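Report on the following structure.
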Amino acid sequence: MTAQIIDGKLIAQQVRAEVAVVVAKRVELGKQKPTLATVLVGDRTDSATYVASKGKACQELGMGSISEHLPASATQEQVEELVRSLNADPTVSGILVQLPMPSHINEERVLSLINVEKDVDGFSPLNIGRLAQKGREPLFVPCTPYGCIYLLEKAGVPIEGANAVVLGRSNIVGMPAALLLIGKNATVTVCHSRTKDLPSVIRNADILIAAIGKAEFVRGDWVKPGAAVIDVGINSRPDATKKSGYRLVGDVNFDEAKEVAGFITPVPGGVGPMTIAMLMSNTARAAEIQDP
Ligand code: NAP
């Protein structure tokens, strides 16, 4: 059996095209142009690259982008003041604070300051709390887990009644992914570093979402035949055949798993492109909420 490859790049392009239509319509009607403000604190090159690609995506879709950069020496008060001023700025639809911030900054305090109507990353306690409660809807769903569920639905994978295993319990991926799956009536098991006998737990999964940051950790013989495998991991492996000297791999051994699974996302080109697409979608939604 060879799995159907879920093409995240293509599906992300479709989402982006839909967002571009919403943006163009709003601009035509003279409504608030969806605008994303990013906040970067410090000099991490990976964070700077992520922020730049989010700004580029905004421009490609006709959205506005504001990029705020504070030095690594910025104080808690300075970061909080910047978030407050973006909250008050009517031209800003969504605020994204790039994590991680320098260790002297209390991230939780900063995130909890973001106006819930501008929380396009979906990480504020209010949005996560709503996600966790039956019958309540968050204003924004965190982008990476949102992308995972969107890929499952686009591929036609039944979620209701499925046994789903989420590998990893981070605030940004594992936990919200588990909450979303529960909300869609899957039976969910969340695994982490203390879980005993992972292979046997995973072998029971009709749906596996892997988000642990360990290169090719999940082996093919752990995967239930026909299962849908969503690989969130982004890890680099040394590869002398590449100009960069490395290649990106997921948390799942793709070559092994694709022989057993029914559906699988590649790395790169699976979940990765969906994260930015969902951020763009959330930002357009923020503008719709603030200026219907
Ligand atoms: P994280 O915050 O480091 O959390 C890792 C989780 O994996 C933790 O819950 C940890 O368990 C669990 N874990 C670690 N080693 C394990 C093991 N050997 N067995 C079982 N569980 C284990 O990671 P994250 O931020 O969620 O990111 C996970 C991966 O997704 C990374 O590769 C990251 O680069 C990638 N990512 C990709 C995107 C995207 O857009 N595609 C977005 C975000 C993240 P404990 O809780 O017990 O420590």
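By convention in this document, the chains of the structure tokens carry letters A, B, ... by their order, each chain's residues are numbered from 1, and ligands are numbered from 1 in the order they are shown.
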
> Which chains and residue numbers are within 8 Å of ligand 1, counting only C-alpha atoms and all ligand atoms, if I want them as a VMD selection string?
Replying inline: chain A and resid 144 167 to 174 191 to 195 198 210 to 215 217 231 to 235 250 to 251 270 to 276

With C-alpha atoms retained, write the just-selected residues as a PDB file, in the first residue's frame.
ATOM      1  CA  THR A 144      -0.491  25.202  12.916  1.00  0.00           C
ATOM      2  CA  LEU A 167       2.264  13.040  19.768  1.00  0.00           C
ATOM      3  CA  GLY A 168       3.480  16.095  21.725  1.00  0.00           C
ATOM      4  CA  ARG A 169       1.619  18.382  24.141  1.00  0.00           C
ATOM      5  CA  SER A 170       3.050  21.846  23.454  1.00  0.00           C
ATOM      6  CA  ASN A 171       0.889  24.936  23.915  1.00  0.00           C
ATOM      7  CA  ILE A 172       1.306  25.889  20.263  1.00  0.00           C
ATOM      8  CA  VAL A 173       0.715  22.566  18.506  1.00  0.00           C
ATOM      9  CA  GLY A 174      -0.047  19.408  20.493  1.00  0.00           C
ATOM     10  CA  CYS A 191       1.339  11.334  24.166  1.00  0.00           C
ATOM     11  CA  HIS A 192       4.471  12.990  25.536  1.00  0.00           C
ATOM     12  CA  SER A 193       7.947  12.197  26.807  1.00  0.00           C
ATOM     13  CA  ARG A 194       6.670  10.085  29.735  1.00  0.00           C
ATOM     14  CA  THR A 195       4.225   7.991  27.687  1.00  0.00           C
ATOM     15  CA  LEU A 198       4.501   4.688  22.306  1.00  0.00           C
ATOM     16  CA  ALA A 210       3.207  14.082  15.264  1.00  0.00           C
ATOM     17  CA  ALA A 211       4.719  17.232  16.827  1.00  0.00           C
ATOM     18  CA  ILE A 212       7.749  16.456  18.969  1.00  0.00           C
ATOM     19  CA  GLY A 213      10.740  17.839  17.063  1.00  0.00           C
ATOM     20  CA  LYS A 214      12.620  14.497  16.824  1.00  0.00           C
ATOM     21  CA  ALA A 215      13.861  13.586  13.355  1.00  0.00           C
ATOM     22  CA  PHE A 217      11.186   9.282  15.272  1.00  0.00           C
ATOM     23  CA  ASP A 231       3.725  15.334  10.372  1.00  0.00           C
ATOM     24  CA  VAL A 232       4.296  18.723  12.005  1.00  0.00           C
ATOM     25  CA  GLY A 233       7.972  18.220  12.834  1.00  0.00           C
ATOM     26  CA  ILE A 234      10.659  20.282  11.149  1.00  0.00           C
ATOM     27  CA  ASN A 235      14.122  18.865  11.785  1.00  0.00           C
ATOM     28  CA  GLY A 250       9.689  15.439   9.870  1.00  0.00           C
ATOM     29  CA  ASP A 251       9.028  13.556  13.097  1.00  0.00           C
ATOM     30  CA  GLY A 270       2.955  19.532   4.242  1.00  0.00           C
ATOM     31  CA  VAL A 271       1.943  21.361   7.398  1.00  0.00           C
ATOM     32  CA  GLY A 272       4.602  24.107   7.072  1.00  0.00           C
ATOM     33  CA  PRO A 273       2.932  26.129   4.266  1.00  0.00           C
ATOM     34  CA  MET A 274      -0.436  25.779   6.013  1.00  0.00           C
ATOM     35  CA  THR A 275       0.721  27.666   9.105  1.00  0.00           C
ATOM     36  CA  ILE A 276       1.250  30.941   7.231  1.00  0.00           C
TER      37      ILE A 276
END

> Which neighbours of stretch 15-30 of chain A fall inside 12 Å, counting only C-alpha atoms, when residues of the same chain fewer than 5 positions from it are skipped, and could you give them as a ChimeraX atom specification?
Replying inline: /A:8-10,35,57-64,147,150-151,154,273-288,291-292

>> For a test of reading the model, state the distance in Å between atom CA of A:Leu126 and atom CA of A:Val110, rounded to one decimal.
In response: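 So the answer is 13.6 Å.
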
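Checking A:Val218, A:Leu248, A:Val97, A:Leu152 one by one against A:Ala48, counting only C-alpha atoms, you find the shortest gap at A:Val97.
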
>> For the alpha helix (DSSP H) assignment from backbone DSSP, which residues of stretch 83-274 of chain A qualify? Please present them as number ranges by chain.
In response: A: 83-88, 107-113, 125-132, 143-154, 174-183, 198-202, 254-257, 271-274

> Any idea what's packed within 12 Å of A:Ser124, counting only C-alpha atoms, ignoring anything in its chain fewer than 4 positions away? Could you give it as a list of chain:residue names?
Replying inline: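 Answer for this query is A:Ile95, A:Leu96, A:Val97, A:Glu107, A:Glu108, A:Arg109, A:Val110, A:Leu111, A:Ser112, A:Leu113, A:Ile114, A:Asn115, A:Val116, A:Glu117, A:Lys118, A:Asp119, A:Val120, A:Ile128, A:Gly129, A:Arg130, A:Leu131, A:Pro138, A:Leu139, A:Phe140, A:Val141, A:Pro142, A:Asn171, A:Ile172, A:Pro176.
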
> Could you write out, as a PyMOL selection string, all the residues of stretch 31-92 of chain A that DSSP marks as strand (DSSP E or B)?
Replying inline: chain A and resi 35-41+64-70

Once you have the residues from the selection above, write them out as an mmCIF file, in the first residue's frame, restricted to N, CA and C atoms.
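Dumped everything to result-v4.cif:
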data_model
loop_
_atom_site.group_PDB
_atom_site.id
_atom_site.type_symbol
_atom_site.label_atom_id
_atom_site.label_comp_id
_atom_site.auth_asym_id
_atom_site.auth_seq_id
_atom_site.Cartn_x
_atom_site.Cartn_y
_atom_site.Cartn_z
ATOM 1 N N THR A 35 -4.545 43.959 8.198
ATOM 2 C CA THR A 35 -3.137 44.334 8.405
ATOM 3 C C THR A 35 -2.576 43.576 9.604
ATOM 4 N N LEU A 36 -1.450 42.944 9.371
ATOM 5 C CA LEU A 36 -0.808 42.157 10.435
ATOM 6 C C LEU A 36 0.391 42.921 10.986
ATOM 7 N N ALA A 37 0.419 43.068 12.304
ATOM 8 C CA ALA A 37 1.603 43.660 12.946
ATOM 9 C C ALA A 37 2.397 42.541 13.604
ATOM 10 N N THR A 38 3.673 42.445 13.282
ATOM 11 C CA THR A 38 4.517 41.438 13.933
ATOM 12 C C THR A 38 5.445 42.134 14.922
ATOM 13 N N VAL A 39 5.686 41.445 16.031
ATOM 14 C CA VAL A 39 6.593 41.977 17.053
ATOM 15 C C VAL A 39 7.739 40.988 17.219
ATOM 16 N N LEU A 40 8.938 41.463 16.925
ATOM 17 C CA LEU A 40 10.133 40.633 17.070
ATOM 18 C C LEU A 40 11.014 41.279 18.126
ATOM 19 N N VAL A 41 11.414 40.485 19.118
ATOM 20 C CA VAL A 41 12.305 41.013 20.153
ATOM 21 C C VAL A 41 13.595 40.194 20.101
ATOM 22 N N GLY A 64 -1.981 44.567 4.529
ATOM 23 C CA GLY A 64 -0.962 45.444 5.079
ATOM 24 C C GLY A 64 -0.076 44.678 6.057
ATOM 25 N N SER A 65 1.158 45.144 6.227
ATOM 26 C CA SER A 65 1.996 44.522 7.261
ATOM 27 C C SER A 65 2.843 45.593 7.933
ATOM 28 N N ILE A 66 2.954 45.445 9.243
ATOM 29 C CA ILE A 66 3.764 46.370 10.043
ATOM 30 C C ILE A 66 4.742 45.498 10.801
ATOM 31 N N SER A 67 6.024 45.809 10.704
ATOM 32 C CA SER A 67 6.952 44.946 11.446
ATOM 33 C C SER A 67 7.704 45.760 12.490
ATOM 34 N N GLU A 68 7.494 45.383 13.737
ATOM 35 C CA GLU A 68 8.116 46.079 14.868
ATOM 36 C C GLU A 68 9.251 45.214 15.403
ATOM 37 N N HIS A 69 10.411 45.826 15.574
ATOM 38 C CA HIS A 69 11.570 45.071 16.040
ATOM 39 C C HIS A 69 12.212 45.788 17.224
ATOM 40 N N LEU A 70 12.246 45.105 18.363
ATOM 41 C CA LEU A 70 12.903 45.675 19.536
ATOM 42 C C LEU A 70 14.209 44.919 19.779
#

> What is the distance, in Å and to one decimal place, between atom CA of A:Thr2 and atom CA of A:Val260?
Replying inline: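 Interatomic distance here is 6.5 Å.
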
> Which residues, written as a VMD selection string, have at least one atom at most 6 Å from A:Val165, with only C-alpha atoms counted and residues fewer than 3 positions away on the same chain left out?
Replying inline: chain A and resid 188 to 190 205 208

Give me a file of those residues, with N, CA, C and O atoms, as a compact mmCIF listing (two decimals), in the first residue's frame.
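Final output, selection_14.txt:
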# COMPACT_ATOMS: atom_id res chain seq x y z
N VAL A 188 -9.41 11.00 21.54
CA VAL A 188 -8.04 11.50 21.42
C VAL A 188 -7.14 11.01 22.56
O VAL A 188 -7.52 11.07 23.73
N THR A 189 -5.97 10.54 22.20
CA THR A 189 -4.92 10.21 23.17
C THR A 189 -3.75 11.16 22.94
O THR A 189 -3.31 11.31 21.80
N VAL A 190 -3.32 11.84 23.99
CA VAL A 190 -2.19 12.76 23.87
C VAL A 190 -0.95 12.09 24.48
O VAL A 190 -0.98 11.67 25.64
N ALA A 205 -3.90 4.26 16.19
CA ALA A 205 -4.39 5.56 15.71
C ALA A 205 -4.87 5.50 14.27
O ALA A 205 -4.13 5.14 13.37
N LEU A 208 -2.88 10.23 13.15
CA LEU A 208 -1.71 10.55 13.98
C LEU A 208 -1.24 11.96 13.64
O LEU A 208 -0.99 12.26 12.47

> Which distance in Å separates atom CA of A:Val166 and atom CA of A:Trp222, to one decimal?
Replying inline: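 Interatomic distance, atom CA of A:Val166 to atom CA of A:Trp222: 13.8 Å.
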
>> Let me make sure I understand: among A:Thr49, A:Lys134, A:Val249, A:Asp206, which one has the smallest atom-to-atom distance to A:Ile159 if we use only C-alpha atoms?
In response: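 Under the stated criterion, the closest residue is A:Asp206.
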
>> Which residue is closest to A:Pro158? Choose from A:Tyr246, A:Phe254, A:Phe123, A:Phe263 and count only C-alpha atoms.
In response: A:Phe263

>> So, with only C-alpha atoms as the atoms that count, which of A:Lys243, A:Lys224, A:His104, A:Arg44 lies closest to A:Ala164?
In response: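 Under the stated criterion, the closest residue is A:Lys224.
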
>> Set the distance at 7 Å and use only C-alpha atoms: which residues neighbour A:Thr265 once local chain neighbours fewer than 3 positions away are removed? I'd like the list as an MDAnalysis selection string.
In response: chainID A and resid 5:7 229:231 270

Selection from above, all heavy atoms, as a CSV table (one decimal), in the first residue's frame, can you write it?
chain,number,residue,atom,x,y,z
A,5,ILE,N,-0.4,11.2,-0.8
A,5,ILE,CA,0.3,12.3,-0.2
A,5,ILE,C,-0.6,13.6,-0.2
A,5,ILE,O,-1.2,13.9,-1.2
A,5,ILE,CB,1.6,12.7,-1.1
A,5,ILE,CG1,2.4,11.4,-1.5
A,5,ILE,CG2,2.4,13.8,-0.5
A,5,ILE,CD1,3.1,10.8,-0.3
A,6,ILE,N,-0.7,14.1,1.0
A,6,ILE,CA,-1.5,15.4,1.2
A,6,ILE,C,-0.6,16.6,0.8
A,6,ILE,O,0.4,16.8,1.5
A,6,ILE,CB,-2.1,15.5,2.6
A,6,ILE,CG1,-2.9,14.2,3.0
A,6,ILE,CG2,-2.9,16.7,2.7
A,6,ILE,CD1,-3.5,14.2,4.4
A,7,ASP,N,-0.9,17.3,-0.2
A,7,ASP,CA,-0.1,18.3,-0.7
A,7,ASP,C,-0.4,19.7,0.0
A,7,ASP,O,-1.2,20.4,-0.5
A,7,ASP,CB,-0.3,18.5,-2.3
A,7,ASP,CG,0.7,19.4,-2.9
A,7,ASP,OD1,1.3,20.2,-2.2
A,7,ASP,OD2,0.8,19.4,-4.1
A,229,VAL,N,-1.6,10.3,8.5
A,229,VAL,CA,-0.4,10.8,9.3
A,229,VAL,C,-0.1,12.2,9.0
A,229,VAL,O,0.2,12.6,7.8
A,229,VAL,CB,0.8,9.9,9.0
A,229,VAL,CG1,2.1,10.4,9.7
A,229,VAL,CG2,0.5,8.5,9.4
A,230,ILE,N,-0.2,13.1,10.0
A,230,ILE,CA,0.1,14.5,9.8
A,230,ILE,C,1.4,14.8,10.5
A,230,ILE,O,1.4,14.7,11.8
A,230,ILE,CB,-1.1,15.4,10.3
A,230,ILE,CG1,-2.4,15.1,9.7
A,230,ILE,CG2,-0.8,16.9,10.1
A,230,ILE,CD1,-2.6,15.4,8.2
A,231,ASP,N,2.4,15.2,9.8
A,231,ASP,CA,3.7,15.3,10.4
A,231,ASP,C,4.1,16.8,10.5
A,231,ASP,O,4.3,17.5,9.5
A,231,ASP,CB,4.7,14.6,9.5
A,231,ASP,CG,6.1,14.5,10.1
A,231,ASP,OD1,6.3,15.1,11.2
A,231,ASP,OD2,7.0,13.8,9.5
A,270,GLY,N,4.2,20.1,3.6
A,270,GLY,CA,3.0,19.5,4.2
A,270,GLY,C,2.3,20.6,5.1
A,270,GLY,O,1.7,21.5,4.6

> Hey, what's within 8 Å of A:Pro225 if we count only C-alpha atoms and toss same-chain stuff fewer than 2 positions away? As JSON, numbers by chain, please?
Replying inline: {"A": [223, 227, 260, 261, 262]}
